[in-house]
$ cat model_39.cif   # mmCIF, N, CA and C atoms
data_target
#
loop_
_atom_site.label_atom_id
_atom_site.label_comp_id
_atom_site.auth_asym_id
_atom_site.auth_seq_id
_atom_site.Cartn_x
_atom_site.Cartn_y
_atom_site.Cartn_z
N MET A 1 -11.98 26.92 -38.90
CA MET A 1 -11.31 28.18 -38.66
C MET A 1 -9.94 27.89 -38.04
N ALA A 2 -8.91 28.51 -38.51
CA ALA A 2 -7.54 28.29 -38.03
C ALA A 2 -7.37 28.96 -36.67
N ARG A 3 -6.60 28.29 -35.84
CA ARG A 3 -6.33 28.82 -34.50
C ARG A 3 -4.98 29.51 -34.48
N ASP A 4 -4.84 30.39 -33.53
CA ASP A 4 -3.61 31.16 -33.35
C ASP A 4 -2.49 30.23 -32.87
N PRO A 5 -1.30 30.26 -33.45
CA PRO A 5 -0.21 29.38 -33.03
C PRO A 5 0.18 29.57 -31.56
N GLU A 6 0.09 30.77 -31.07
CA GLU A 6 0.43 31.00 -29.66
C GLU A 6 -0.57 30.32 -28.73
N THR A 7 -1.83 30.33 -29.12
CA THR A 7 -2.85 29.66 -28.32
C THR A 7 -2.60 28.16 -28.32
N ILE A 8 -2.26 27.62 -29.46
CA ILE A 8 -1.96 26.18 -29.56
C ILE A 8 -0.77 25.84 -28.69
N GLU A 9 0.27 26.66 -28.72
CA GLU A 9 1.46 26.41 -27.89
C GLU A 9 1.11 26.46 -26.41
N ARG A 10 0.28 27.42 -26.00
CA ARG A 10 -0.13 27.49 -24.59
C ARG A 10 -0.92 26.26 -24.17
N GLU A 11 -1.81 25.80 -25.06
CA GLU A 11 -2.59 24.60 -24.76
C GLU A 11 -1.70 23.37 -24.65
N ILE A 12 -0.73 23.28 -25.53
CA ILE A 12 0.21 22.15 -25.48
C ILE A 12 1.02 22.19 -24.19
N GLU A 13 1.49 23.35 -23.81
CA GLU A 13 2.27 23.50 -22.57
C GLU A 13 1.41 23.16 -21.35
N GLN A 14 0.15 23.59 -21.36
CA GLN A 14 -0.75 23.27 -20.25
C GLN A 14 -1.01 21.76 -20.18
N ALA A 15 -1.21 21.14 -21.34
CA ALA A 15 -1.42 19.69 -21.37
C ALA A 15 -0.18 18.96 -20.88
N ARG A 16 1.00 19.45 -21.26
CA ARG A 16 2.26 18.84 -20.82
C ARG A 16 2.42 18.96 -19.30
N THR A 17 2.08 20.12 -18.76
CA THR A 17 2.15 20.33 -17.31
C THR A 17 1.19 19.40 -16.58
N ASN A 18 -0.03 19.28 -17.11
CA ASN A 18 -1.01 18.38 -16.50
C ASN A 18 -0.54 16.93 -16.54
N LEU A 19 0.08 16.54 -17.65
CA LEU A 19 0.58 15.18 -17.79
C LEU A 19 1.69 14.90 -16.79
N VAL A 20 2.59 15.84 -16.61
CA VAL A 20 3.69 15.68 -15.65
C VAL A 20 3.13 15.53 -14.24
N THR A 21 2.15 16.35 -13.90
CA THR A 21 1.54 16.28 -12.57
C THR A 21 0.88 14.92 -12.35
N THR A 22 0.15 14.46 -13.36
CA THR A 22 -0.52 13.16 -13.26
C THR A 22 0.49 12.03 -13.12
N LEU A 23 1.56 12.06 -13.89
CA LEU A 23 2.58 11.02 -13.81
C LEU A 23 3.27 11.03 -12.44
N ASP A 24 3.51 12.20 -11.89
CA ASP A 24 4.10 12.29 -10.55
C ASP A 24 3.17 11.68 -9.51
N GLN A 25 1.88 11.96 -9.61
CA GLN A 25 0.91 11.40 -8.67
C GLN A 25 0.85 9.88 -8.79
N LEU A 26 0.85 9.38 -10.01
CA LEU A 26 0.82 7.93 -10.21
C LEU A 26 2.10 7.27 -9.68
N GLY A 27 3.23 7.92 -9.90
CA GLY A 27 4.49 7.39 -9.39
C GLY A 27 4.49 7.32 -7.88
N THR A 28 3.90 8.31 -7.23
CA THR A 28 3.83 8.31 -5.77
C THR A 28 2.90 7.21 -5.28
N LYS A 29 1.75 7.06 -5.91
CA LYS A 29 0.78 6.06 -5.48
C LYS A 29 1.28 4.64 -5.72
N ALA A 30 2.02 4.43 -6.79
CA ALA A 30 2.47 3.08 -7.15
C ALA A 30 3.85 2.75 -6.61
N ASN A 31 4.39 3.57 -5.74
CA ASN A 31 5.70 3.33 -5.16
C ASN A 31 5.68 2.02 -4.36
N PRO A 32 6.47 1.03 -4.74
CA PRO A 32 6.44 -0.27 -4.05
C PRO A 32 6.77 -0.17 -2.56
N GLN A 33 7.69 0.71 -2.20
CA GLN A 33 8.05 0.86 -0.78
C GLN A 33 6.86 1.39 0.01
N ARG A 34 6.14 2.36 -0.55
CA ARG A 34 4.98 2.92 0.12
C ARG A 34 3.87 1.87 0.25
N LEU A 35 3.67 1.08 -0.80
CA LEU A 35 2.65 0.03 -0.75
C LEU A 35 3.02 -1.03 0.29
N ALA A 36 4.30 -1.40 0.36
CA ALA A 36 4.74 -2.38 1.34
C ALA A 36 4.57 -1.85 2.76
N ASN A 37 4.92 -0.60 2.96
CA ASN A 37 4.76 -0.01 4.30
C ASN A 37 3.29 0.07 4.70
N ALA A 38 2.43 0.40 3.76
CA ALA A 38 1.00 0.48 4.06
C ALA A 38 0.46 -0.91 4.42
N ALA A 39 0.89 -1.94 3.69
CA ALA A 39 0.44 -3.31 3.99
C ALA A 39 0.96 -3.76 5.36
N LYS A 40 2.21 -3.43 5.64
CA LYS A 40 2.80 -3.80 6.93
C LYS A 40 2.08 -3.10 8.08
N ASP A 41 1.81 -1.83 7.91
CA ASP A 41 1.09 -1.09 8.95
C ASP A 41 -0.31 -1.62 9.15
N GLY A 42 -0.98 -1.99 8.07
CA GLY A 42 -2.32 -2.55 8.17
C GLY A 42 -2.32 -3.90 8.90
N ALA A 43 -1.35 -4.74 8.58
CA ALA A 43 -1.26 -6.05 9.24
C ALA A 43 -0.92 -5.88 10.71
N ARG A 44 -0.01 -4.96 10.99
CA ARG A 44 0.37 -4.71 12.39
C ARG A 44 -0.82 -4.19 13.19
N ALA A 45 -1.60 -3.30 12.61
CA ALA A 45 -2.78 -2.77 13.29
C ALA A 45 -3.80 -3.87 13.53
N LYS A 46 -3.96 -4.77 12.56
CA LYS A 46 -4.92 -5.87 12.71
C LYS A 46 -4.46 -6.83 13.81
N LEU A 47 -3.17 -7.11 13.85
CA LEU A 47 -2.66 -8.04 14.86
C LEU A 47 -2.65 -7.42 16.26
N ASP A 48 -2.64 -6.11 16.36
CA ASP A 48 -2.70 -5.45 17.66
C ASP A 48 -4.12 -5.40 18.22
N ASP A 49 -5.10 -5.73 17.40
CA ASP A 49 -6.49 -5.76 17.85
C ASP A 49 -6.65 -6.93 18.83
N PRO A 50 -7.15 -6.68 20.04
CA PRO A 50 -7.29 -7.77 21.02
C PRO A 50 -8.17 -8.92 20.54
N LYS A 51 -9.13 -8.66 19.67
CA LYS A 51 -10.00 -9.72 19.14
C LYS A 51 -9.22 -10.68 18.26
N VAL A 52 -8.10 -10.25 17.73
CA VAL A 52 -7.28 -11.11 16.87
C VAL A 52 -6.06 -11.60 17.64
N LYS A 53 -5.48 -10.73 18.43
CA LYS A 53 -4.22 -11.02 19.12
C LYS A 53 -4.35 -12.21 20.08
N TYR A 54 -5.34 -12.17 20.96
CA TYR A 54 -5.44 -13.21 21.99
C TYR A 54 -5.83 -14.57 21.44
N PRO A 55 -6.74 -14.66 20.48
CA PRO A 55 -6.98 -15.99 19.88
C PRO A 55 -5.75 -16.56 19.19
N LEU A 56 -4.96 -15.70 18.54
CA LEU A 56 -3.73 -16.19 17.91
C LEU A 56 -2.73 -16.70 18.95
N ILE A 57 -2.64 -16.00 20.06
CA ILE A 57 -1.76 -16.48 21.14
C ILE A 57 -2.26 -17.82 21.67
N GLY A 58 -3.57 -17.95 21.81
CA GLY A 58 -4.15 -19.21 22.29
C GLY A 58 -3.89 -20.35 21.33
N VAL A 59 -4.05 -20.11 20.05
CA VAL A 59 -3.80 -21.16 19.04
C VAL A 59 -2.32 -21.53 19.05
N GLY A 60 -1.44 -20.55 19.16
CA GLY A 60 0.00 -20.84 19.22
C GLY A 60 0.35 -21.67 20.45
N ALA A 61 -0.24 -21.35 21.60
CA ALA A 61 0.02 -22.10 22.82
C ALA A 61 -0.51 -23.53 22.68
N LEU A 62 -1.69 -23.68 22.07
CA LEU A 62 -2.26 -25.02 21.88
C LEU A 62 -1.37 -25.86 20.97
N ILE A 63 -0.88 -25.27 19.90
CA ILE A 63 0.01 -26.01 19.00
C ILE A 63 1.30 -26.39 19.71
N ALA A 64 1.84 -25.49 20.53
CA ALA A 64 3.07 -25.80 21.28
C ALA A 64 2.83 -26.96 22.24
N VAL A 65 1.70 -26.95 22.94
CA VAL A 65 1.38 -28.04 23.88
C VAL A 65 1.23 -29.36 23.13
N LEU A 66 0.54 -29.33 22.01
CA LEU A 66 0.35 -30.57 21.23
C LEU A 66 1.68 -31.09 20.70
N LEU A 67 2.56 -30.21 20.25
CA LEU A 67 3.88 -30.65 19.77
C LEU A 67 4.72 -31.24 20.91
N LEU A 68 4.71 -30.59 22.06
CA LEU A 68 5.46 -31.12 23.20
C LEU A 68 4.89 -32.46 23.64
N ARG A 69 3.59 -32.58 23.66
CA ARG A 69 2.94 -33.84 24.04
C ARG A 69 3.34 -34.95 23.09
N LYS A 70 3.35 -34.66 21.78
CA LYS A 70 3.73 -35.67 20.80
C LYS A 70 5.21 -36.05 20.94
N LEU A 71 6.07 -35.09 21.26
CA LEU A 71 7.49 -35.37 21.40
C LEU A 71 7.77 -36.27 22.60
N PHE A 72 7.06 -36.09 23.68
CA PHE A 72 7.34 -36.83 24.90
C PHE A 72 6.50 -38.09 25.05
N ARG A 73 5.78 -38.49 24.08
CA ARG A 73 5.03 -39.75 24.13
C ARG A 73 5.79 -40.86 23.52
#
$ encode --input "model_39.cif" --output "structure tokens"
Amino acid sequence: MARDPETIEREIEQARTNLVTTLDQLGTKANPQRLANAAKDGARAKLDDPKVKYPLIGVGALIAVLLLRKLFR
């Protein structure tokens, strides 16, 4: 059964609108700057955790002591 041309045009316009919305959402999600900021914020939050922060400071201090010891021997 043949469909009404106006109905077909409305369906095409609705599909076009949905496609534009989807592409805008994908563009926002895949924005490299947003992804980089999210990764940076995640790393910063992880490094601010005392369970990670203090052991890293300890390892850095140990490496500094070992390097100084090697230099002055």
$ atom_distance --input "model_39.cif" --atom1 "CA of Thr17 (chain A)" --atom2 "CA of Leu35 (chain A)"
26.2 Å
$ atom_distance --input "model_39.cif" --atom1 "CA of Val59 (chain A)" --atom2 "CA of Lys46 (chain A)"
16.6 Å
$ atom_distance --input "model_39.cif" --atom1 "atom C of Lys40 (chain A)" --atom2 "CA of Val52 (chain A)"
15.1 Å
$ decode --input "model_39.cif" --residues "chain A" --atoms "C-alpha atoms" --output "compact mmCIF listing (two decimals), in the first residue's frame"
# COMPACT_ATOMS: atom_id res chain seq x y z
CA MET A 1 0.00 0.00 0.00
CA ALA A 2 1.40 3.42 -0.96
CA ARG A 3 2.12 5.90 1.79
CA ASP A 4 1.24 9.56 1.83
CA PRO A 5 4.16 11.78 0.64
CA GLU A 6 3.64 14.18 3.54
CA THR A 7 3.96 11.34 6.03
CA ILE A 8 7.16 10.19 4.35
CA GLU A 9 8.56 13.73 4.48
CA ARG A 10 7.72 14.03 8.20
CA GLU A 11 9.41 10.70 8.91
CA ILE A 12 12.49 11.76 6.97
CA GLU A 13 12.64 15.07 8.85
CA GLN A 14 12.25 13.27 12.19
CA ALA A 15 15.01 10.81 11.26
CA ARG A 16 17.24 13.73 10.20
CA THR A 17 16.60 15.50 13.52
CA ASN A 18 17.39 12.32 15.46
CA LEU A 19 20.59 11.85 13.47
CA VAL A 20 21.73 15.42 14.16
CA THR A 21 21.07 14.96 17.88
CA THR A 22 23.00 11.69 17.94
CA LEU A 23 25.95 13.19 16.06
CA ASP A 24 26.06 16.14 18.46
CA GLN A 25 26.11 13.77 21.44
CA LEU A 26 28.89 11.69 19.89
CA GLY A 27 30.88 14.82 19.11
CA THR A 28 30.59 15.94 22.72
CA LYS A 29 31.58 12.54 24.12
CA ALA A 30 34.53 12.11 21.76
CA ASN A 31 35.92 15.63 22.25
CA PRO A 32 39.69 15.13 22.78
CA GLN A 33 39.95 18.10 25.15
CA ARG A 34 37.15 16.71 27.34
CA LEU A 35 38.74 13.25 27.35
CA ALA A 36 42.14 14.72 28.27
CA ASN A 37 40.63 16.78 31.08
CA ALA A 38 38.77 13.75 32.43
CA ALA A 39 41.99 11.67 32.40
CA LYS A 40 43.92 14.48 34.09
CA ASP A 41 41.27 14.90 36.77
CA GLY A 42 41.19 11.15 37.38
CA ALA A 43 44.98 10.95 37.74
CA ARG A 44 45.03 13.99 40.01
CA ALA A 45 42.32 12.49 42.22
CA LYS A 46 44.23 9.19 42.41
CA LEU A 47 47.48 10.93 43.33
CA ASP A 48 45.72 12.98 46.03
CA ASP A 49 44.66 9.74 47.74
CA PRO A 50 46.88 9.35 50.85
CA LYS A 51 47.25 5.60 50.15
CA VAL A 52 49.02 6.49 46.90
CA LYS A 53 50.53 9.88 47.70
CA TYR A 54 52.69 8.95 50.69
CA PRO A 55 54.19 5.75 49.27
CA LEU A 56 55.13 7.69 46.12
CA ILE A 57 56.81 10.36 48.25
CA GLY A 58 58.65 7.62 50.13
CA VAL A 59 59.86 5.95 46.93
CA GLY A 60 60.99 9.32 45.55
CA ALA A 61 62.92 10.08 48.75
CA LEU A 62 64.53 6.62 48.68
CA ILE A 63 65.63 7.09 45.07
CA ALA A 64 67.04 10.53 45.91
CA VAL A 65 69.02 9.10 48.86
CA LEU A 66 70.37 6.25 46.74
CA LEU A 67 71.41 8.65 43.96
CA LEU A 68 73.14 10.98 46.41
CA ARG A 69 74.88 8.03 48.07
CA LYS A 70 76.12 6.78 44.69
CA LEU A 71 77.35 10.26 43.71
CA PHE A 72 79.37 10.75 46.89
CA ARG A 73 81.01 7.33 46.99
